[in-house]
Amino acid sequence: MPQKGEMHLLLKNSKDMHQFPILKSTKSQTLHRGILFISFLSIQLILFLFSRPIQLFKHSASPCDAGLIYVYNLPPAFNRDLIAACEKINPWPSRCPSLSSLAGLGLPVIDSDHNFTDLMPANLLQSWFSTDQFALELIFHHRMLNHQCRTLNPSKAAAFYIPFYVGLALEPHLWSPNSSSYDRDRDGLSLLQWLQIQSPYQKSHGWDHFITLGRITWDFRRSHQSDWGSSFLYMTEMGNITRLLIERDPWDEKDVAVPYPTGFHPRSLADVQEWQQFVLNRKRKTLFGYVGAPRSGFKNDFRGLLLNECVQAGSKCRSVDCNAGKCINSSAETMELFLDSEFCLQPRGDSFTRRSLFDCMVAGSVPVLFWKRSAYMQYKLYLPGYGDEPEWSVFIDRRDMRERNVSVRSVLEGIREDKIRELRERVVKLIPRLVYAAESLGEGMDDAFDIALKGVLRQFKDRRRRMKVAITK
C-alpha cells in the first residue's frame, strides 16, 4: 500500500481522483502485461497450428507403401538362356543386336544408325537406342531387379514378379513349319510346373502374381491345336495371374496393356524436359505423315488406301514405305517423318495396335486413329479415356473412309492452328508416361514402367480389401 507521500506524487498531475483504481504498483503492472503477452502468444500458436496442419504434421509417404515385390529367381532356361540363343529366335536378320543389352534397350543409335545425329540435340542422342518392339520382358526384368521396393524375402512381399521371357520362348515356334502345338506350349508348361511348387504361389494360387508378356495377347490364346500361337493364357495355372502386354484382350481384366517400347530411354528428368521442349517447338513441315506398308493379297487393304490418300495430298503428306524392313526398331527415316508431321496416321497393324502409335506420340505428332481398339480400349493407365480422346488425338471412322464420305486431308485441314497446338501440347505432356526410362527418373516423374507397377500394386491391394470384406460377411 503506497504511503501518503507516495500517493501524492502519483496523483499530483491528475485532476480526476476516479483514475486512482487503474494505477497499480510497477510490479503488478508488469505481471499483468506478462499474462496478456503469454495469452496472446498462446492464441497465435493455436491459430498457427490449426491453419497449417499440412506443413507441421505432414507424413511423407514411403515409395513402398503399396507393398514390396519379390522377383522369382527362375532357372536360366526361362530367361537368360533364351537370350543366349538369340540367333535361333526367328529366320530373319539376327535379333542378337537388339537383345545385346540385359536392360533390353538394344544398341545406342549413335553406334547403329548415324542418321540420327542430324535429327535431335547432340546431348539427347545418348538416350536413344535401336530398341526391339518385343523387348518388354527384358526391360521389366531389369527394372524390377533394381527397384527400390524389391525384397529378397518372399514372406514380406505384397506382389510376386515372374521374369519368364515367354515371348522369346514362343517366337522360334511361330515361324518354324516343323513346330507343333506342343512345341509352342512346352516352355510355358514347364514354367508353370516349376511355379506350382513355390510356396507363394501355393498360398495365393497366383492372385498376387504378375508377369510381362512381350508380345500381343492373341499370340498366347490358341483355342485349337491348328491355330496360331500358344495356349499359355488358357492354362489353368495362369487363371489368376495378372499379365502386362503391349496389346490386351479388352474383355479380360487380368490383361493390362502397357506401351510398346520406343527408342527413347531418358536417363534423367532433365532429358525428358529437354526432349519435350524440342518436339513442342519444332517447326513441322508437313500436315500429316504415314509410316507403313500395303499388305498384298488383302482385299480392300486399308493401309493401301491410306498410302493412296497420302499420294493424292501432294506436299501435305509424306510417307515411308516399310517394305524390306525399313521401319524396324524406329529408324531415323521414320523418326524424321514423325518429327516433321503435325499429324501421323495410325491404322491397325497385324493386330489392333502398332508400335508406330508410340513412336509418333514421342515425336510430338498428333495421332489419327481409325479403330477405337487401337488405343482407346487398350492403354487405360496411360491415355485419357472415353470422352477425352479429342484432347490428344483425331478419330476418323474407317468405314467413312472406305465409303469415300470423308478424306484425311479434308478433316485435318478443318482443324484450326490453335487447336493443333493444343493437341500437340497434350501429346507432349503425355510423353513421360509413354517411355521406359533407362533407370528410374525420380523427382516425382513416373515413366511407363512406374505407372504399370503402381497399377498392379493398386489392383492387388483392392483384391485384398475385397477378400477381407468377403471373409467378414
# chains A, B, ... in the order shown; residues from 1 in each chain; ligands from 1
>>> closest_atom_pairs(of="stretch 157-243 of chain A", to="stretch 453-461 of chain A", cutoff="9 Å", atoms="only C-alpha atoms", output="JSON lines")
{"residue": "A:Ala158", "atom": "CA", "partner": "A:Leu457", "partner_atom": "CA", "distance": 7.8}
{"residue": "A:Ala159", "atom": "CA", "partner": "A:Leu457", "partner_atom": "CA", "distance": 7.0}
{"residue": "A:Trp207", "atom": "CA", "partner": "A:Phe460", "partner_atom": "CA", "distance": 7.7}
{"residue": "A:Asp208", "atom": "CA", "partner": "A:Phe460", "partner_atom": "CA", "distance": 6.0}
{"residue": "A:His209", "atom": "CA", "partner": "A:Phe460", "partner_atom": "CA", "distance": 8.9}
{"residue": "A:Phe210", "atom": "CA", "partner": "A:Val456", "partner_atom": "CA", "distance": 7.9}
{"residue": "A:Thr242", "atom": "CA", "partner": "A:Val456", "partner_atom": "CA", "distance": 7.8}
>>> closest_atom_pairs(of="stretch 94-207 of chain A", to="stretch 212-216 of chain A", cutoff="6 Å", atoms="only C-alpha atoms", output="JSON lines")
{"residue": "A:Phe134", "atom": "CA", "partner": "A:Gly214", "partner_atom": "CA", "distance": 5.0}
{"residue": "A:Leu136", "atom": "CA", "partner": "A:Gly214", "partner_atom": "CA", "distance": 4.9}
{"residue": "A:Glu137", "atom": "CA", "partner": "A:Gly214", "partner_atom": "CA", "distance": 5.3}
{"residue": "A:Gly167", "atom": "CA", "partner": "A:Gly214", "partner_atom": "CA", "distance": 5.2}
>>> select_by_dssp(residues="stretch 69-238 of chain A", states="helix (DSSP H, G or I)", output="NGL selection string")
:A and (76-78 or 80-84 or 86-88 or 97-99 or 109-112 or 114-118 or 122-127 or 136-145 or 154-156 or 166-175 or 181-196 or 199-204 or 217-220 or 232-234 or 236-238)
>>> closest_atom_pairs(of="stretch 409-449 of chain A", to="stretch 389-394 of chain A", cutoff="12 Å", atoms="only C-alpha atoms", output="tab-separated table")
residue	atom	partner	partner_atom	distance
A:Val411	CA	A:Val394	CA	9.1
A:Leu412	CA	A:Val394	CA	8.5
A:Gly414	CA	A:Val394	CA	11.7
A:Ile415	CA	A:Val394	CA	9.9
A:Lys419	CA	A:Glu391	CA	9.4
A:Ile420	CA	A:Trp392	CA	9.6
A:Arg421	CA	A:Trp392	CA	10.5
A:Glu422	CA	A:Glu391	CA	7.8
A:Leu423	CA	A:Trp392	CA	5.1
A:Arg424	CA	A:Trp392	CA	7.2
A:Glu425	CA	A:Trp392	CA	8.4
A:Arg426	CA	A:Trp392	CA	5.7
A:Val427	CA	A:Trp392	CA	5.6
A:Val428	CA	A:Trp392	CA	9.3
A:Lys429	CA	A:Trp392	CA	9.8
A:Leu430	CA	A:Trp392	CA	9.0
A:Ile431	CA	A:Trp392	CA	11.5
>>> write_last_selection(atoms="all heavy atoms", output="tab-separated table (two decimals), in the first residue's frame")
chain	number	residue	atom	x	y	z
A	411	VAL	N	-10.41	-33.54	-93.30
A	411	VAL	CA	-10.63	-33.49	-91.86
A	411	VAL	C	-9.53	-32.68	-91.18
A	411	VAL	O	-9.80	-31.80	-90.35
A	411	VAL	CB	-10.69	-34.91	-91.26
A	411	VAL	CG1	-10.67	-34.85	-89.73
A	411	VAL	CG2	-11.92	-35.65	-91.75
A	412	LEU	N	-8.28	-32.96	-91.51
A	412	LEU	CA	-7.16	-32.31	-90.83
A	412	LEU	C	-7.03	-30.84	-91.21
A	412	LEU	O	-6.64	-30.01	-90.38
A	412	LEU	CB	-5.87	-33.07	-91.12
A	412	LEU	CG	-5.85	-34.53	-90.67
A	412	LEU	CD1	-4.49	-35.16	-90.93
A	412	LEU	CD2	-6.22	-34.66	-89.19
A	414	GLY	N	-9.41	-28.94	-91.68
A	414	GLY	CA	-10.50	-28.25	-91.00
A	414	GLY	C	-10.22	-27.94	-89.54
A	414	GLY	O	-11.04	-27.33	-88.86
A	415	ILE	N	-9.06	-28.36	-89.04
A	415	ILE	CA	-8.70	-28.11	-87.64
A	415	ILE	C	-7.90	-26.82	-87.54
A	415	ILE	O	-6.89	-26.64	-88.23
A	415	ILE	CB	-7.89	-29.29	-87.06
A	415	ILE	CG1	-8.70	-30.59	-87.17
A	415	ILE	CG2	-7.52	-29.03	-85.61
A	415	ILE	CD1	-7.93	-31.82	-86.72
A	419	LYS	N	-5.97	-25.03	-82.28
A	419	LYS	CA	-6.40	-26.35	-81.80
A	419	LYS	C	-5.30	-27.38	-82.02
A	419	LYS	O	-5.07	-28.25	-81.16
A	419	LYS	CB	-7.68	-26.77	-82.52
A	419	LYS	CG	-8.18	-28.17	-82.14
A	419	LYS	CD	-8.50	-28.27	-80.64
A	419	LYS	CE	-9.07	-29.63	-80.30
A	419	LYS	NZ	-9.33	-29.77	-78.84
A	420	ILE	N	-4.60	-27.29	-83.15
A	420	ILE	CA	-3.48	-28.20	-83.41
A	420	ILE	C	-2.41	-28.03	-82.34
A	420	ILE	O	-1.85	-29.00	-81.83
A	420	ILE	CB	-2.88	-27.96	-84.81
A	420	ILE	CG1	-3.90	-28.32	-85.90
A	420	ILE	CG2	-1.60	-28.76	-85.00
A	420	ILE	CD1	-3.44	-27.99	-87.31
A	421	ARG	N	-2.15	-26.78	-81.98
A	421	ARG	CA	-1.17	-26.50	-80.93
A	421	ARG	C	-1.61	-27.12	-79.60
A	421	ARG	O	-0.80	-27.71	-78.88
A	421	ARG	CB	-0.98	-24.99	-80.78
A	421	ARG	CG	-0.01	-24.57	-79.67
A	421	ARG	CD	1.41	-24.88	-80.02
A	421	ARG	NE	2.32	-24.50	-78.93
A	421	ARG	CZ	3.63	-24.52	-79.03
A	421	ARG	NH1	4.19	-24.90	-80.16
A	421	ARG	NH2	4.40	-24.18	-78.01
A	422	GLU	N	-2.88	-27.00	-79.26
A	422	GLU	CA	-3.39	-27.59	-78.02
A	422	GLU	C	-3.25	-29.11	-78.04
A	422	GLU	O	-2.86	-29.71	-77.03
A	422	GLU	CB	-4.87	-27.23	-77.85
A	422	GLU	CG	-5.12	-25.78	-77.48
A	422	GLU	CD	-6.60	-25.47	-77.36
A	422	GLU	OE1	-7.41	-26.43	-77.36
A	422	GLU	OE2	-6.97	-24.29	-77.29
A	423	LEU	N	-3.56	-29.73	-79.16
A	423	LEU	CA	-3.42	-31.18	-79.28
A	423	LEU	C	-1.97	-31.60	-79.07
A	423	LEU	O	-1.67	-32.55	-78.36
A	423	LEU	CB	-3.91	-31.65	-80.65
A	423	LEU	CG	-5.43	-31.67	-80.87
A	423	LEU	CD1	-5.76	-31.81	-82.35
A	423	LEU	CD2	-6.06	-32.82	-80.09
A	424	ARG	N	-1.06	-30.88	-79.71
A	424	ARG	CA	0.35	-31.24	-79.59
A	424	ARG	C	0.84	-31.04	-78.16
A	424	ARG	O	1.60	-31.86	-77.64
A	424	ARG	CB	1.22	-30.42	-80.55
A	424	ARG	CG	2.67	-30.94	-80.57
A	424	ARG	CD	3.59	-30.03	-81.36
A	424	ARG	NE	3.03	-29.73	-82.66
A	424	ARG	CZ	3.38	-28.68	-83.38
A	424	ARG	NH1	4.25	-27.80	-82.92
A	424	ARG	NH2	2.84	-28.47	-84.56
A	425	GLU	N	0.41	-29.98	-77.51
A	425	GLU	CA	0.82	-29.75	-76.12
A	425	GLU	C	0.37	-30.90	-75.23
A	425	GLU	O	1.10	-31.33	-74.34
A	425	GLU	CB	0.24	-28.42	-75.62
A	425	GLU	CG	0.93	-27.20	-76.22
A	425	GLU	CD	0.27	-25.90	-75.79
A	425	GLU	OE1	-0.82	-25.96	-75.17
A	425	GLU	OE2	0.84	-24.82	-76.09
A	426	ARG	N	-0.84	-31.41	-75.48
A	426	ARG	CA	-1.34	-32.52	-74.67
A	426	ARG	C	-0.55	-33.79	-74.95
A	426	ARG	O	-0.22	-34.54	-74.02
A	426	ARG	CB	-2.83	-32.74	-74.94
A	426	ARG	CG	-3.47	-33.77	-73.99
A	426	ARG	CD	-3.35	-33.30	-72.54
A	426	ARG	NE	-3.81	-34.31	-71.61
A	426	ARG	CZ	-5.05	-34.42	-71.16
A	426	ARG	NH1	-5.97	-33.55	-71.56
A	426	ARG	NH2	-5.37	-35.35	-70.30
A	427	VAL	N	-0.24	-34.04	-76.21
A	427	VAL	CA	0.56	-35.21	-76.57
A	427	VAL	C	1.94	-35.14	-75.91
A	427	VAL	O	2.42	-36.11	-75.32
A	427	VAL	CB	0.70	-35.33	-78.10
A	427	VAL	CG1	1.77	-36.36	-78.47
A	427	VAL	CG2	-0.63	-35.74	-78.73
A	428	VAL	N	2.55	-33.97	-75.99
A	428	VAL	CA	3.90	-33.79	-75.42
A	428	VAL	C	3.86	-33.96	-73.90
A	428	VAL	O	4.80	-34.53	-73.31
A	428	VAL	CB	4.46	-32.41	-75.81
A	428	VAL	CG1	5.73	-32.09	-75.04
A	428	VAL	CG2	4.73	-32.35	-77.31
A	429	LYS	N	2.80	-33.53	-73.28
A	429	LYS	CA	2.66	-33.70	-71.83
A	429	LYS	C	2.59	-35.17	-71.44
A	429	LYS	O	3.04	-35.57	-70.36
A	429	LYS	CB	1.41	-32.96	-71.35
A	429	LYS	CG	1.25	-32.92	-69.84
A	429	LYS	CD	0.03	-32.10	-69.44
A	429	LYS	CE	-0.14	-32.06	-67.93
A	429	LYS	NZ	-1.32	-31.25	-67.54
A	430	LEU	N	2.07	-36.00	-72.35
A	430	LEU	CA	1.93	-37.43	-72.07
A	430	LEU	C	3.23	-38.21	-72.24
A	430	LEU	O	3.33	-39.35	-71.80
A	430	LEU	CB	0.87	-38.04	-73.01
A	430	LEU	CG	-0.59	-37.65	-72.76
A	430	LEU	CD1	-1.46	-38.13	-73.92
A	430	LEU	CD2	-1.09	-38.22	-71.45
A	431	ILE	N	4.23	-37.63	-72.88
A	431	ILE	CA	5.44	-38.37	-73.26
A	431	ILE	C	6.08	-39.13	-72.10
A	431	ILE	O	6.43	-40.31	-72.26
A	431	ILE	CB	6.46	-37.43	-73.94
A	431	ILE	CG1	5.96	-37.08	-75.35
A	431	ILE	CG2	7.84	-38.09	-74.02
A	431	ILE	CD1	6.84	-36.08	-76.09
>>> closest_atom_pairs(of="stretch 153-252 of chain A", to="stretch 260-265 of chain A", cutoff="9 Å", atoms="only C-alpha atoms", output="tab-separated table")
residue	atom	partner	partner_atom	distance
A:Gly214	CA	A:Tyr260	CA	8.9
A:Leu245	CA	A:Tyr260	CA	8.6
A:Ile246	CA	A:Tyr260	CA	5.4
A:Glu247	CA	A:Tyr260	CA	8.6
>>> write_last_selection(atoms="C-alpha atoms", output="tab-separated table (two decimals), in the first residue's frame")
chain	number	residue	atom	x	y	z
A	214	GLY	CA	6.48	-59.15	-74.72
A	245	LEU	CA	1.22	-56.86	-72.51
A	246	ILE	CA	1.62	-54.48	-75.44
A	247	GLU	CA	-1.92	-55.36	-76.54
>>> closest_residue(among="A:Leu195, A:Val272, A:Leu174, A:Ala313", to="A:Tyr436", atoms="only C-alpha atoms")
A:Val272
>>> residues_around(residues="stretch 379-385 of chain A", least_positions_apart="3", cutoff="7 Å", atoms="only C-alpha atoms", output="list in words")
Ala257, Val258, Ala375, Tyr376, Asp388, Glu389 and Arg433 of chain A
>>> residues_around(residues="A:Arg398", least_positions_apart="6", cutoff="10 Å", atoms="only C-alpha atoms", output="ChimeraX atom specification")
/A:302,347,369-371,404,406
>>> residues_around(residues="A:Tyr72", least_positions_apart="4", cutoff="10 Å", atoms="only C-alpha atoms", output="PyMOL selection string")
chain A and resi 145+152+154+160-164+195+198
>>> atom_distance(atom1="atom CA of A:Met445", atom2="atom CA of A:Gln273")
10.6 Å
>>> closest_residue(among="A:Ala363, A:Leu125, A:Val435, A:Cys96", to="A:Arg284", atoms="only C-alpha atoms")
A:Ala363
>>> atom_distance(atom1="atom CA of A:Gly67", atom2="atom CA of A:Arg150")
9.2 Å
>>> residues_around(residues="A:Leu82", least_positions_apart="4", cutoff="12 Å", atoms="only C-alpha atoms", output="ChimeraX atom specification")
/A:75-78,86-89,95-96,99-100,102,137-138,164-172,187
>>> residues_around(residues="A:Ser62", least_positions_apart="5", cutoff="12 Å", atoms="only C-alpha atoms", output="list in words")
Gly67, Leu68, Gln148 and Cys149 of chain A
